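The structure appears below as structure tokens.
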Amino acid sequence: MVNTLSLYKPLLQGLMKLAGVTPRAVEIEPGTVIHFWVPSATTATNKPAVVFLHGFGLDGILTWQFQVLALAKKYAVYVPDFLFFGDSITDKTERSPAFQAECMAKGLRKLRVEKCTLVGLSYGGFVGFKMAEMFPNLVDSMVITCSVMALTESITCAGLQRIGFSSWADYLIPETVEGVKKLLEVAFYKLPWIPDFVYRDILEALYFDHKKERHELLEALIVKDKDFTVPSFTQRIYLLWGVDDIIFDKEEVRNLKELLEGKATVHCIERAGHLVELERPFAYNRQLKQILASLYEDGKEN
């Protein structure tokens, strides 16, 4: 049987091209290639750059498809795939969020992006915070969705207890159809009915490749509590959250806001879980547009 996701992706890619973005492979260095969706030649003007960083479950364009459609007309939208997702690959052994951040920044520089707003979901938020810390001249502002500054041991313990898993790999790298179902049930406030064959297709299309490397990425995420320090961020930061996220819940967003010491504002979307950008795309886009408009009012940053 034909895989439904394999059928959907070419249709989605065609739609993205109509919206004004096109795929591009960017060689960071020999052996390391990052796949981006970038503004097409006809839409690449002096629009403000918005970079979307995906989570651990899906690649970039599957995660952010509704946001690209909503924003590509007004903003220069960039959607990378992290290493070992989509078509991004490296022969290096480094697996840390800092390495992902470095590759993203180098890729954006090669695409001539001098300054941008990052929009990071979950794993993309971890990498986004690293990019803001390491490359403050590139990252002007951030919108963080359902993420934390670093995945410490205590945050890991509390999060895994809430979702009923013994490790992040058990949850995020499913081995079975039931594992995919559970992953999505946890990530949504109210998951719509999906036939079993679609779960099977998702498993085959998204979770069979790069298992070893993804396990290593998750291992590299965990930070000992005693080793965690809060960087000094210069960027404007917005926390755009699904109220019913149980992976990083209301307490985590409150803690994150406190760590940022008044530099962040919280914006919430009701009846939405961890994958809020997919579950309630219109509500998410409405708030994201308001945030971006406040950043780029009158066509220039404040």
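Quick note on naming: the chains in the structure tokens go A, B, ... in the order shown, residues restart at 1 in each chain, and ligands are numbered from 1 in order of appearance.
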
Margin query: Quick one: residues within 8 Å of region 124-133 of chain A, only C-alpha atoms, excluding same-chain residues fewer than 6 positions away - as a PyMOL selection string?
Written below: chain A and resi 53-56+97-98+100-102+105+118+139-140+142+144-151+231-233+235

Saved selection, atoms kept: N, CA, C and O atoms, as a short mmCIF file (atom, residue, chain, number, x, y, z; two decimals), in the first residue's frame:
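The file below, part-v8.cif, is the result:
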```
data_model
loop_
_atom_site.label_atom_id
_atom_site.label_comp_id
_atom_site.auth_asym_id
_atom_site.auth_seq_id
_atom_site.Cartn_x
_atom_site.Cartn_y
_atom_site.Cartn_z
N LEU A 53 11.74 27.00 14.04
CA LEU A 53 12.52 25.84 14.50
C LEU A 53 11.56 24.78 15.03
O LEU A 53 10.82 25.02 15.98
N HIS A 54 11.61 23.60 14.45
CA HIS A 54 10.62 22.55 14.75
C HIS A 54 10.96 21.77 16.02
O HIS A 54 12.06 21.87 16.57
N GLY A 55 10.01 20.96 16.46
CA GLY A 55 10.20 20.09 17.61
C GLY A 55 10.80 18.75 17.21
O GLY A 55 11.27 18.58 16.08
N PHE A 56 10.75 17.79 18.12
CA PHE A 56 11.43 16.51 17.90
C PHE A 56 10.57 15.51 17.12
O PHE A 56 11.09 14.52 16.61
N PRO A 97 22.57 20.61 21.57
CA PRO A 97 21.79 21.74 21.06
C PRO A 97 22.68 22.87 20.57
O PRO A 97 22.32 23.58 19.63
N ALA A 98 23.85 23.05 21.20
CA ALA A 98 24.78 24.10 20.77
C ALA A 98 25.28 23.84 19.35
O ALA A 98 25.44 24.78 18.55
N GLN A 100 23.61 22.09 17.01
CA GLN A 100 22.47 22.39 16.13
C GLN A 100 22.36 23.91 15.93
O GLN A 100 22.15 24.39 14.82
N ALA A 101 22.51 24.66 17.04
CA ALA A 101 22.41 26.12 16.97
C ALA A 101 23.47 26.70 16.05
O ALA A 101 23.19 27.60 15.23
N GLU A 102 24.68 26.20 16.16
CA GLU A 102 25.78 26.68 15.33
C GLU A 102 25.51 26.40 13.85
O GLU A 102 25.73 27.27 12.99
N ALA A 105 22.77 28.77 12.58
CA ALA A 105 23.29 30.13 12.41
C ALA A 105 24.18 30.23 11.16
O ALA A 105 24.07 31.18 10.38
N LEU A 118 13.27 34.35 15.88
CA LEU A 118 13.14 32.90 15.95
C LEU A 118 11.79 32.53 16.54
O LEU A 118 11.34 33.13 17.51
N VAL A 139 20.10 36.86 16.28
CA VAL A 139 18.77 36.65 16.85
C VAL A 139 18.33 37.93 17.55
O VAL A 139 18.84 38.28 18.61
N ASP A 140 17.37 38.61 16.95
CA ASP A 140 16.90 39.88 17.51
C ASP A 140 15.78 39.68 18.53
O ASP A 140 15.66 40.43 19.49
N MET A 142 12.65 36.45 20.04
CA MET A 142 12.25 35.04 20.03
C MET A 142 10.80 34.88 20.46
O MET A 142 10.33 35.57 21.36
N ILE A 144 8.89 31.66 21.89
CA ILE A 144 9.13 30.29 22.36
C ILE A 144 7.78 29.63 22.68
O ILE A 144 6.97 30.18 23.42
N THR A 145 7.57 28.47 22.10
CA THR A 145 6.31 27.75 22.29
C THR A 145 6.57 26.40 22.95
O THR A 145 7.32 25.57 22.42
N CYS A 146 5.97 26.21 24.12
CA CYS A 146 5.97 24.91 24.81
C CYS A 146 7.39 24.34 24.89
O CYS A 146 7.67 23.24 24.40
N SER A 147 8.27 25.10 25.51
CA SER A 147 9.66 24.69 25.64
C SER A 147 10.23 25.28 26.93
O SER A 147 9.53 25.99 27.66
N VAL A 148 11.48 24.98 27.20
CA VAL A 148 12.17 25.52 28.36
C VAL A 148 13.57 25.94 27.93
O VAL A 148 14.00 25.64 26.81
N MET A 149 14.28 26.62 28.82
CA MET A 149 15.60 27.12 28.47
C MET A 149 16.61 25.98 28.30
O MET A 149 17.47 26.01 27.43
N ALA A 150 16.49 24.98 29.15
CA ALA A 150 17.36 23.81 29.07
C ALA A 150 16.63 22.64 29.73
O ALA A 150 15.85 22.83 30.67
N LEU A 151 16.87 21.45 29.22
CA LEU A 151 16.18 20.26 29.73
C LEU A 151 16.99 19.69 30.90
O LEU A 151 17.78 18.77 30.75
N PRO A 231 21.72 32.21 31.06
CA PRO A 231 22.46 33.21 30.29
C PRO A 231 21.77 34.58 30.42
O PRO A 231 20.59 34.68 30.78
N SER A 232 22.50 35.61 30.05
CA SER A 232 21.92 36.95 30.01
C SER A 232 21.48 37.23 28.57
O SER A 232 22.31 37.41 27.68
N PHE A 233 20.17 37.25 28.37
CA PHE A 233 19.64 37.44 27.01
C PHE A 233 19.36 38.92 26.77
O PHE A 233 18.84 39.63 27.62
N GLN A 235 17.63 39.73 23.91
CA GLN A 235 16.50 39.73 22.99
C GLN A 235 15.16 39.95 23.70
O GLN A 235 15.01 39.66 24.88
#
```

Please identify every residue of region 66-175 of chain A that has at least one atom no farther than 10 Å from an atom of region 194-218 of chain A, counting only C-alpha atoms, and for each give the shortest atom pair and the distance in Å to one decimal, arranged by chain then increasing number, as JSON lines.
```
{"residue": "A:Leu83", "atom": "CA", "partner": "A:Glu213", "partner_atom": "CA", "distance": 9.1}
{"residue": "A:Phe84", "atom": "CA", "partner": "A:His210", "partner_atom": "CA", "distance": 6.1}
{"residue": "A:Phe85", "atom": "CA", "partner": "A:His210", "partner_atom": "CA", "distance": 8.1}
{"residue": "A:Gly86", "atom": "CA", "partner": "A:Leu206", "partner_atom": "CA", "distance": 8.6}
{"residue": "A:Ile89", "atom": "CA", "partner": "A:His210", "partner_atom": "CA", "distance": 9.6}
{"residue": "A:Thr93", "atom": "CA", "partner": "A:Glu213", "partner_atom": "CA", "distance": 9.0}
{"residue": "A:Glu94", "atom": "CA", "partner": "A:Leu217", "partner_atom": "CA", "distance": 8.8}
{"residue": "A:Arg95", "atom": "CA", "partner": "A:Leu217", "partner_atom": "CA", "distance": 5.1}
{"residue": "A:Ser96", "atom": "CA", "partner": "A:Leu217", "partner_atom": "CA", "distance": 6.5}
{"residue": "A:Pro97", "atom": "CA", "partner": "A:Leu217", "partner_atom": "CA", "distance": 8.0}
{"residue": "A:Gln100", "atom": "CA", "partner": "A:Leu217", "partner_atom": "CA", "distance": 9.7}
{"residue": "A:Tyr123", "atom": "CA", "partner": "A:Leu218", "partner_atom": "CA", "distance": 9.5}
{"residue": "A:Leu151", "atom": "CA", "partner": "A:Leu218", "partner_atom": "CA", "distance": 9.7}
{"residue": "A:Ser167", "atom": "CA", "partner": "A:Leu218", "partner_atom": "CA", "distance": 9.4}
{"residue": "A:Trp168", "atom": "CA", "partner": "A:Leu218", "partner_atom": "CA", "distance": 7.0}
{"residue": "A:Ala169", "atom": "CA", "partner": "A:His215", "partner_atom": "CA", "distance": 6.2}
{"residue": "A:Asp170", "atom": "CA", "partner": "A:His215", "partner_atom": "CA", "distance": 9.6}
{"residue": "A:Leu172", "atom": "CA", "partner": "A:Leu218", "partner_atom": "CA", "distance": 9.1}
{"residue": "A:Ile173", "atom": "CA", "partner": "A:Tyr207", "partner_atom": "CA", "distance": 6.4}
{"residue": "A:Pro174", "atom": "CA", "partner": "A:Tyr207", "partner_atom": "CA", "distance": 6.9}
{"residue": "A:Glu175", "atom": "CA", "partner": "A:Leu203", "partner_atom": "CA", "distance": 7.6}
```

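If you measure from each of A:Leu292, A:Val223, A:Val33, A:Cys116 to Lys74 (chain A) using only C-alpha atoms, the closest one turns out to be A:Leu292.
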
Next item on the list: Compare A:Arg162, A:Ala70, A:Cys103, A:Thr117 by their minimum atom-to-atom distance to Phe52 (chain A), counting only C-alpha atoms, and give me the closest one.
Entry: A:Thr117

Could you pull the residues within 8 Å of Val38 (chain A), counting only C-alpha atoms, minus those fewer than 4 positions along the same chain, as a PDB file with N, CA and C atoms, in the first residue's frame?
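Once written, part11.pdb looks like this:
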```pdb
ATOM      1  N   VAL A  21       7.685  29.875  -0.847  1.00  0.00           N
ATOM      2  CA  VAL A  21       8.928  29.336  -0.298  1.00  0.00           C
ATOM      3  C   VAL A  21       9.369  28.142  -1.131  1.00  0.00           C
ATOM      4  N   THR A  22      10.664  27.911  -1.138  1.00  0.00           N
ATOM      5  CA  THR A  22      11.230  26.867  -1.982  1.00  0.00           C
ATOM      6  C   THR A  22      12.311  26.110  -1.218  1.00  0.00           C
ATOM      7  N   PRO A  23      12.530  24.808  -1.498  1.00  0.00           N
ATOM      8  CA  PRO A  23      13.559  24.050  -0.767  1.00  0.00           C
ATOM      9  C   PRO A  23      14.963  24.417  -1.210  1.00  0.00           C
ATOM     10  N   ARG A  24      15.880  24.350  -0.241  1.00  0.00           N
ATOM     11  CA  ARG A  24      17.286  24.678  -0.528  1.00  0.00           C
ATOM     12  C   ARG A  24      18.184  23.880   0.402  1.00  0.00           C
ATOM     13  N   ALA A  76       9.805  37.252   5.384  1.00  0.00           N
ATOM     14  CA  ALA A  76      10.741  36.318   4.751  1.00  0.00           C
ATOM     15  C   ALA A  76      10.861  35.108   5.674  1.00  0.00           C
ATOM     16  N   VAL A  77      10.203  34.026   5.301  1.00  0.00           N
ATOM     17  CA  VAL A  77      10.072  32.853   6.164  1.00  0.00           C
ATOM     18  C   VAL A  77      11.150  31.823   5.830  1.00  0.00           C
ATOM     19  N   TYR A  78      11.836  31.356   6.876  1.00  0.00           N
ATOM     20  CA  TYR A  78      12.855  30.311   6.739  1.00  0.00           C
ATOM     21  C   TYR A  78      12.487  29.149   7.656  1.00  0.00           C
ATOM     22  N   VAL A  79      12.479  27.932   7.094  1.00  0.00           N
ATOM     23  CA  VAL A  79      12.115  26.745   7.880  1.00  0.00           C
ATOM     24  C   VAL A  79      13.187  25.676   7.673  1.00  0.00           C
TER      25      VAL A  79
END
```

Margin query: Please compute the CA of Phe99 (chain A)-CA of His35 (chain A) distance, one decimal, in Å.
Written below: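 These atoms are spaced 15.6 Å apart.
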
Next item on the list: Quick one: pull the distance between CA of Gly107 (chain A) and CA of Ser40 (chain A), Å, one decimal.
Entry: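 Atom-to-atom, CA of Gly107 (chain A) to CA of Ser40 (chain A), that is 16.3 Å.
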
Next item on the list: Name the closest residue to Thr265 (chain A) among the candidates A:Leu71, A:Gly179, A:Trp241, A:Ile247; distances are taken between atoms, counting only C-alpha atoms.
Entry: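 Nearest candidate to Thr265 (chain A) out of A:Leu71, A:Gly179, A:Trp241, A:Ile247: A:Trp241.
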
Notebook entry, point to check: Between CA of Asn3 (chain A) and CA of Ala19 (chain A), what is the spacing in Å?
Noted result: 25.0 Å

Checklist line | Secondary structure check, alpha helix (DSSP H) residues of region 108-294 of chain A, as a ChimeraX atom specification | finding: /A:108-110,123-134,153-163,168-172,177-187,196-206,211-221,250-259,276-279,281-294

Margin query: Residues within 6 Å of Ile237 (chain A), please, as a count of residues only. Count only C-alpha atoms; anything in the same chain fewer than 6 positions from it doesn't count.
Written below: 4
